[in-house]
$ cat final02.txt   # compact mmCIF, C-alpha atoms
# COMPACT_ATOMS: atom_id res chain seq x y z
CA MET A 1 -24.60 0.73 23.86
CA PRO A 2 -21.70 0.23 26.30
CA GLU A 3 -20.78 -3.11 24.72
CA SER A 4 -20.13 -1.28 21.45
CA LEU A 5 -16.89 -0.07 23.01
CA ASN A 6 -15.66 -3.62 22.45
CA GLU A 7 -15.50 -2.74 18.73
CA PHE A 8 -12.47 -0.62 19.51
CA ASN A 9 -8.95 -1.58 20.47
CA LYS A 10 -8.26 -1.22 24.20
CA ASP A 11 -5.65 1.40 23.33
CA VAL A 12 -8.53 3.78 22.57
CA ALA A 13 -9.26 4.03 26.31
CA ILE A 14 -6.36 6.46 26.71
CA TYR A 15 -8.27 9.03 24.66
CA LEU A 16 -11.57 8.81 26.53
CA PRO A 17 -12.71 10.83 29.56
CA GLU A 18 -12.88 8.94 32.86
CA ASN A 19 -16.19 7.70 34.27
CA ILE A 20 -18.12 7.83 31.01
CA SER A 21 -21.88 7.51 31.39
CA THR A 22 -23.93 6.31 28.44
CA ARG A 23 -27.28 7.40 26.98
CA THR A 24 -29.28 5.44 24.45
CA ILE A 25 -31.92 7.44 22.57
CA LEU A 26 -33.84 6.41 19.46
CA ALA A 27 -33.30 9.00 16.72
CA ASP A 28 -33.72 9.50 12.98
CA LEU A 29 -30.10 9.80 11.89
CA SER A 30 -31.05 11.37 8.56
CA LYS A 31 -32.38 14.52 10.31
CA ARG A 32 -30.85 17.02 12.70
CA TRP A 33 -30.21 15.24 15.98
CA GLN A 34 -32.13 16.44 19.03
CA PHE A 35 -28.97 17.31 20.98
CA GLU A 36 -27.55 20.82 21.38
CA ASP A 37 -24.16 21.75 19.94
CA SER A 38 -21.17 20.65 22.02
CA SER A 39 -23.22 18.43 24.34
CA PHE A 40 -20.91 15.43 24.82
CA ASP A 41 -17.33 14.63 25.76
CA ALA A 42 -17.39 11.66 23.40
CA SER A 43 -19.64 10.37 20.65
CA MET A 44 -19.57 6.96 19.03
CA MET A 45 -21.16 5.35 15.99
CA THR A 46 -20.73 1.66 15.20
CA TRP A 47 -22.34 -0.33 12.37
CA ALA A 48 -24.72 2.49 11.34
CA LEU A 49 -23.01 4.76 8.81
CA HIS A 50 -23.07 2.18 6.01
CA TRP A 51 -26.90 2.20 6.13
CA MET A 52 -27.13 5.95 5.55
CA GLY A 53 -26.26 5.94 1.85
CA LYS A 54 -25.83 9.40 0.36
CA LYS A 55 -26.63 10.98 3.74
CA HIS A 56 -23.36 9.75 5.20
CA ARG A 57 -21.87 13.28 5.11
CA HIS A 58 -24.80 14.64 7.14
CA VAL A 59 -24.35 11.90 9.75
CA ILE A 60 -20.65 12.64 10.25
CA LYS A 61 -21.42 16.36 10.48
CA GLU A 62 -23.97 15.68 13.25
CA LEU A 63 -21.62 13.28 15.05
CA VAL A 64 -19.05 16.09 15.25
CA ARG A 65 -21.56 18.89 15.99
CA VAL A 66 -22.72 17.31 19.27
CA MET A 67 -19.12 16.87 20.52
CA LYS A 68 -17.49 19.42 22.78
CA PRO A 69 -14.21 21.00 21.59
CA GLY A 70 -11.54 18.51 22.52
CA GLY A 71 -14.12 15.72 22.50
CA ILE A 72 -13.37 12.27 21.13
CA GLY A 73 -15.27 10.60 18.30
CA LEU A 74 -15.29 6.87 17.59
CA LEU A 75 -16.52 5.51 14.27
CA THR A 76 -16.60 2.04 12.77
CA THR A 77 -18.28 1.14 9.52
CA LEU A 78 -18.13 -1.56 6.92
CA THR A 79 -16.51 -0.90 3.63
CA PRO A 80 -18.14 -0.91 1.30
CA PHE A 81 -20.87 0.93 3.09
CA ASP A 82 -24.07 1.00 1.14
CA VAL A 83 -23.88 4.20 -0.86
CA LEU A 84 -25.55 2.08 -3.52
CA ILE A 85 -26.09 -1.64 -3.94
CA LYS A 86 -26.42 -3.22 -7.34
CA ASN A 87 -29.52 -5.39 -7.58
CA GLN A 88 -30.72 -4.52 -4.09
CA LEU A 89 -33.32 -7.00 -2.82
CA PHE A 90 -36.32 -6.27 -0.60
CA PRO A 91 -39.04 -8.57 0.79
CA HIS A 92 -42.55 -8.17 -0.56
CA THR A 93 -43.53 -6.49 2.69
CA PHE A 94 -42.28 -3.39 0.86
CA SER A 95 -44.89 -2.15 -1.58
CA LEU A 96 -43.92 -1.49 -5.18
CA ASP A 97 -45.11 2.10 -4.79
CA ASP A 98 -42.79 2.62 -1.81
CA LEU A 99 -39.80 1.27 -3.71
CA GLU A 100 -40.55 3.42 -6.73
CA ARG A 101 -40.56 6.47 -4.45
CA LEU A 102 -37.32 5.38 -2.76
CA TYR A 103 -35.55 4.58 -6.06
CA PRO A 104 -36.96 6.92 -8.73
CA ASP A 105 -33.83 6.45 -10.88
CA ALA A 106 -33.81 2.64 -10.81
CA ASP A 107 -33.35 0.90 -14.16
CA GLU A 108 -35.89 -1.74 -13.17
CA ILE A 109 -37.88 -2.99 -10.17
CA SER A 110 -39.04 -6.57 -10.63
CA SER A 111 -40.18 -9.58 -8.61
CA VAL A 112 -37.65 -12.43 -8.44
CA VAL A 113 -36.90 -15.58 -6.47
CA PRO A 114 -33.20 -15.51 -5.46
CA LYS A 115 -31.22 -18.50 -6.71
CA THR A 116 -28.54 -18.33 -4.02
CA GLY A 117 -28.57 -18.32 -0.24
CA ASP A 118 -31.44 -19.55 1.91
CA VAL A 119 -34.12 -17.18 0.53
CA THR A 120 -36.69 -19.14 -1.48
CA HIS A 121 -39.65 -16.74 -1.55
CA PRO A 122 -40.22 -13.92 -4.07
CA MET A 123 -38.50 -10.61 -3.43
CA TRP A 124 -38.30 -7.24 -5.16
CA LYS A 125 -35.07 -6.64 -7.09
CA VAL A 126 -34.07 -3.01 -7.63
CA ARG A 127 -31.52 -2.66 -10.46
CA LEU A 128 -29.35 0.45 -10.26
CA ASP A 129 -26.70 0.02 -12.95
CA THR A 130 -27.13 3.47 -14.54
CA VAL A 131 -27.09 5.33 -11.22
CA ILE A 132 -23.99 3.45 -10.09
CA GLU A 133 -22.12 4.09 -13.33
CA LYS A 134 -22.87 7.81 -13.06
CA CYS A 135 -21.82 7.83 -9.41
CA LEU A 136 -18.48 6.17 -10.18
CA ILE A 137 -17.76 8.64 -12.98
CA GLN A 138 -18.58 11.70 -10.86
CA ASN A 139 -16.63 10.73 -7.73
CA SER A 140 -13.30 8.94 -7.89
CA ASP A 141 -13.60 8.05 -4.18
CA PHE A 142 -16.51 5.70 -4.96
CA VAL A 143 -15.42 2.25 -6.12
CA ILE A 144 -16.88 -1.17 -6.76
CA VAL A 145 -15.23 -2.89 -3.84
CA GLN A 146 -16.31 -6.49 -3.70
CA THR A 147 -18.70 -9.11 -4.95
CA HIS A 148 -20.22 -11.09 -2.09
CA LEU A 149 -20.71 -14.61 -3.39
CA ARG A 150 -22.48 -16.08 -0.36
CA SER A 151 -24.89 -13.35 0.70
CA ARG A 152 -28.15 -14.79 2.02
CA VAL A 153 -30.13 -12.51 -0.26
CA GLY A 154 -28.18 -13.22 -3.40
CA ARG A 155 -24.99 -12.12 -5.07
CA LYS A 156 -24.28 -8.41 -4.64
CA GLU A 157 -21.89 -5.86 -6.00
CA LEU A 158 -21.60 -2.85 -3.73
CA VAL A 159 -20.33 0.64 -4.26
CA GLY A 160 -18.05 1.61 -1.41
CA VAL A 161 -15.49 4.30 -0.71
CA GLN A 162 -11.75 4.58 -0.47
CA PRO A 163 -10.76 4.70 3.24
CA GLU A 164 -9.16 8.13 2.78
CA TYR A 165 -12.54 9.55 1.76
CA LEU A 166 -14.01 9.36 5.28
CA THR A 167 -10.73 10.58 6.77
CA ARG A 168 -10.99 13.68 4.62
CA ILE A 169 -14.63 14.31 5.59
CA ILE A 170 -13.81 13.98 9.30
CA CYS A 171 -10.97 16.49 8.94
CA GLU A 172 -13.14 18.90 6.93
CA GLU A 173 -15.61 18.90 9.84
CA GLY A 174 -12.93 20.27 12.15
CA CYS A 175 -11.36 17.14 13.62
CA GLU A 176 -7.97 15.50 13.82
CA VAL A 177 -7.84 11.75 13.11
CA LEU A 178 -5.85 10.14 15.93
CA ARG A 179 -6.10 6.52 14.81
CA PHE A 180 -7.20 4.76 11.66
CA ASP A 181 -7.21 1.05 10.93
CA ASN A 182 -8.57 -1.03 8.07
CA TYR A 183 -9.27 -4.60 9.14
CA LYS A 184 -10.22 -7.53 6.95
CA ASN A 185 -12.63 -10.47 7.12
CA VAL A 186 -15.01 -9.14 9.73
CA ASN A 187 -17.30 -11.88 11.06
CA TYR A 188 -20.49 -10.25 9.80
CA PRO A 189 -23.70 -12.33 9.86
CA ASN A 190 -24.75 -11.62 6.27
CA GLU A 191 -21.50 -12.91 4.78
CA TYR A 192 -20.21 -9.45 3.90
CA SER A 193 -16.72 -10.72 4.55
CA SER A 194 -16.90 -13.77 2.28
CA GLY A 195 -15.34 -14.05 -1.13
CA PRO A 196 -11.91 -12.43 -1.63
CA LYS A 197 -10.43 -11.43 1.72
CA LYS A 198 -10.93 -7.71 1.32
CA LYS A 199 -10.47 -5.30 4.18
CA THR A 200 -14.02 -4.77 5.33
CA LEU A 201 -13.97 -2.64 8.49
CA LEU A 202 -12.98 1.02 8.75
CA TYR A 203 -12.09 2.16 12.26
CA TYR A 204 -11.52 5.82 13.22
CA VAL A 205 -10.70 7.70 16.41
CA PHE A 206 -10.72 11.49 16.10
CA ARG A 207 -10.60 14.65 18.24
CA LYS A 208 -12.64 17.80 17.64
CA PHE A 209 -10.63 21.02 17.54

$ encode --input "final02.txt" --output "structure tokens"
Amino acid sequence: MPESLNEFNKDVAIYLPENISTRTILADLSKRWQFEDSSFDASMMTWALHWMGKKHRHVIKELVRVMKPGGIGLLTTLTPFDVLIKNQLFPHTFSLDDLERLYPDADEISSVVPKTGDVTHPMWKVRLDTVIEKCLIQNSDFVIVQTHLRSRVGRKELVGVQPEYLTRIICEEGCEVLRFDNYKNVNYPNEYSSGPKKKTLLYYVFRKF
């Protein structure tokens, strides 16, 4: 979306080709994208990577694959992005069978009524303590970043990543990071920025070799 360019500092304009035209196509980000290799002068992803969980590496690989050599990539994402969420909550529109398939390693899936926020109807709670503990032990880049005290769907602890982790992945995919910033207290509608004033937005500009 053209307005997504507003996520980036105006200084980024110096890196972009002139007369950019935009295309918006619905796609399943978890699969191979429908574009050929080296199709675009620039590719941009805002507010999507943190939803991709353990498929985040695939998404960055695809973002780079569709860029031409010398092309510019723009990426913003929350940190923590949702590699895993402790006590993830889902509405009852999700069936228990679906959640059991999505989270086969969950410690527990139970029906609860959240005691915080403005949610007063029953929801499914997926508890992932064991998976998270194993994840933190196996990868030192994964960290418990923040507890969000005012989330509308209840108190959460999220597993996020060190900022350098995504920088390293971008470079391993054959790119040079031109700019990186780590902003704090993003005005996000689900109170992700509440609680301690952590830096909650990762912002990257990179060029494909």

$ residues_around --input "final02.txt" --residues "Glu173 (chain A)" --least-positions-apart "3" --cutoff "9 Å" --atoms "all atoms listed in the file" --output "number ranges by chain"
A: 60-61, 64-65, 168-170, 208

$ residues_near_point --input "final02.txt" --point "(-24.0, 18.7, 20.2)" --cutoff "10 Å" --atoms "all atoms listed in the file" --output "ChimeraX atom specification"
/A:33-41,43,62-68

$ residues_around --input "final02.txt" --residues "region 122-128 of chain A" --least-positions-apart "3" --cutoff "7 Å" --atoms "all atoms listed in the file" --output "PyMOL selection string"
chain A and resi 86-92+106-113+131-132

$ atom_distance --input "final02.txt" --atom1 "CA of Ile72 (chain A)" --atom2 "CA of Ser21 (chain A)"
14.2 Å

$ closest_residue --input "final02.txt" --among "A:Leu166, A:Val59, A:Leu75, A:Cys135" --to "Ala27 (chain A)" --atoms "only C-alpha atoms"
A:Val59

$ closest_residue --input "final02.txt" --among "A:Met44, A:Leu202, A:Leu99, A:Leu26" --to "Thr167 (chain A)" --atoms "all atoms listed in the file"
A:Leu202

$ closest_residue --input "final02.txt" --among "A:Met45, A:Ile14, A:Ile137, A:Ile20" --to "Leu178 (chain A)" --atoms "all atoms listed in the file"
A:Ile14

$ closest_residue --input "final02.txt" --among "A:Pro69, A:Leu96, A:Gly53, A:Asp105" --to "Lys134 (chain A)" --atoms "all atoms listed in the file"
A:Asp105

$ closest_residue --input "final02.txt" --among "A:Cys171, A:Val205, A:Leu29, A:Leu16" --to "His58 (chain A)" --atoms "all atoms listed in the file"
A:Leu29

$ closest_residue --input "final02.txt" --among "A:Thr46, A:Ser95, A:Ser30, A:Asn19" --to "Tyr203 (chain A)" --atoms "only C-alpha atoms"
A:Thr46

$ axis_aligned_box --input "final02.txt" --around "region 13-28 of chain A" --padding-each-side "8 Å" --output "AutoDock Vina command-line options"
--center_x -20.1 --center_y 7.4 --center_z 23.6 --size_x 43.5 --size_y 22.8 --size_z 37.3

$ atom_distance --input "final02.txt" --atom1 "CA of Leu136 (chain A)" --atom2 "CA of Val161 (chain A)"
10.1 Å
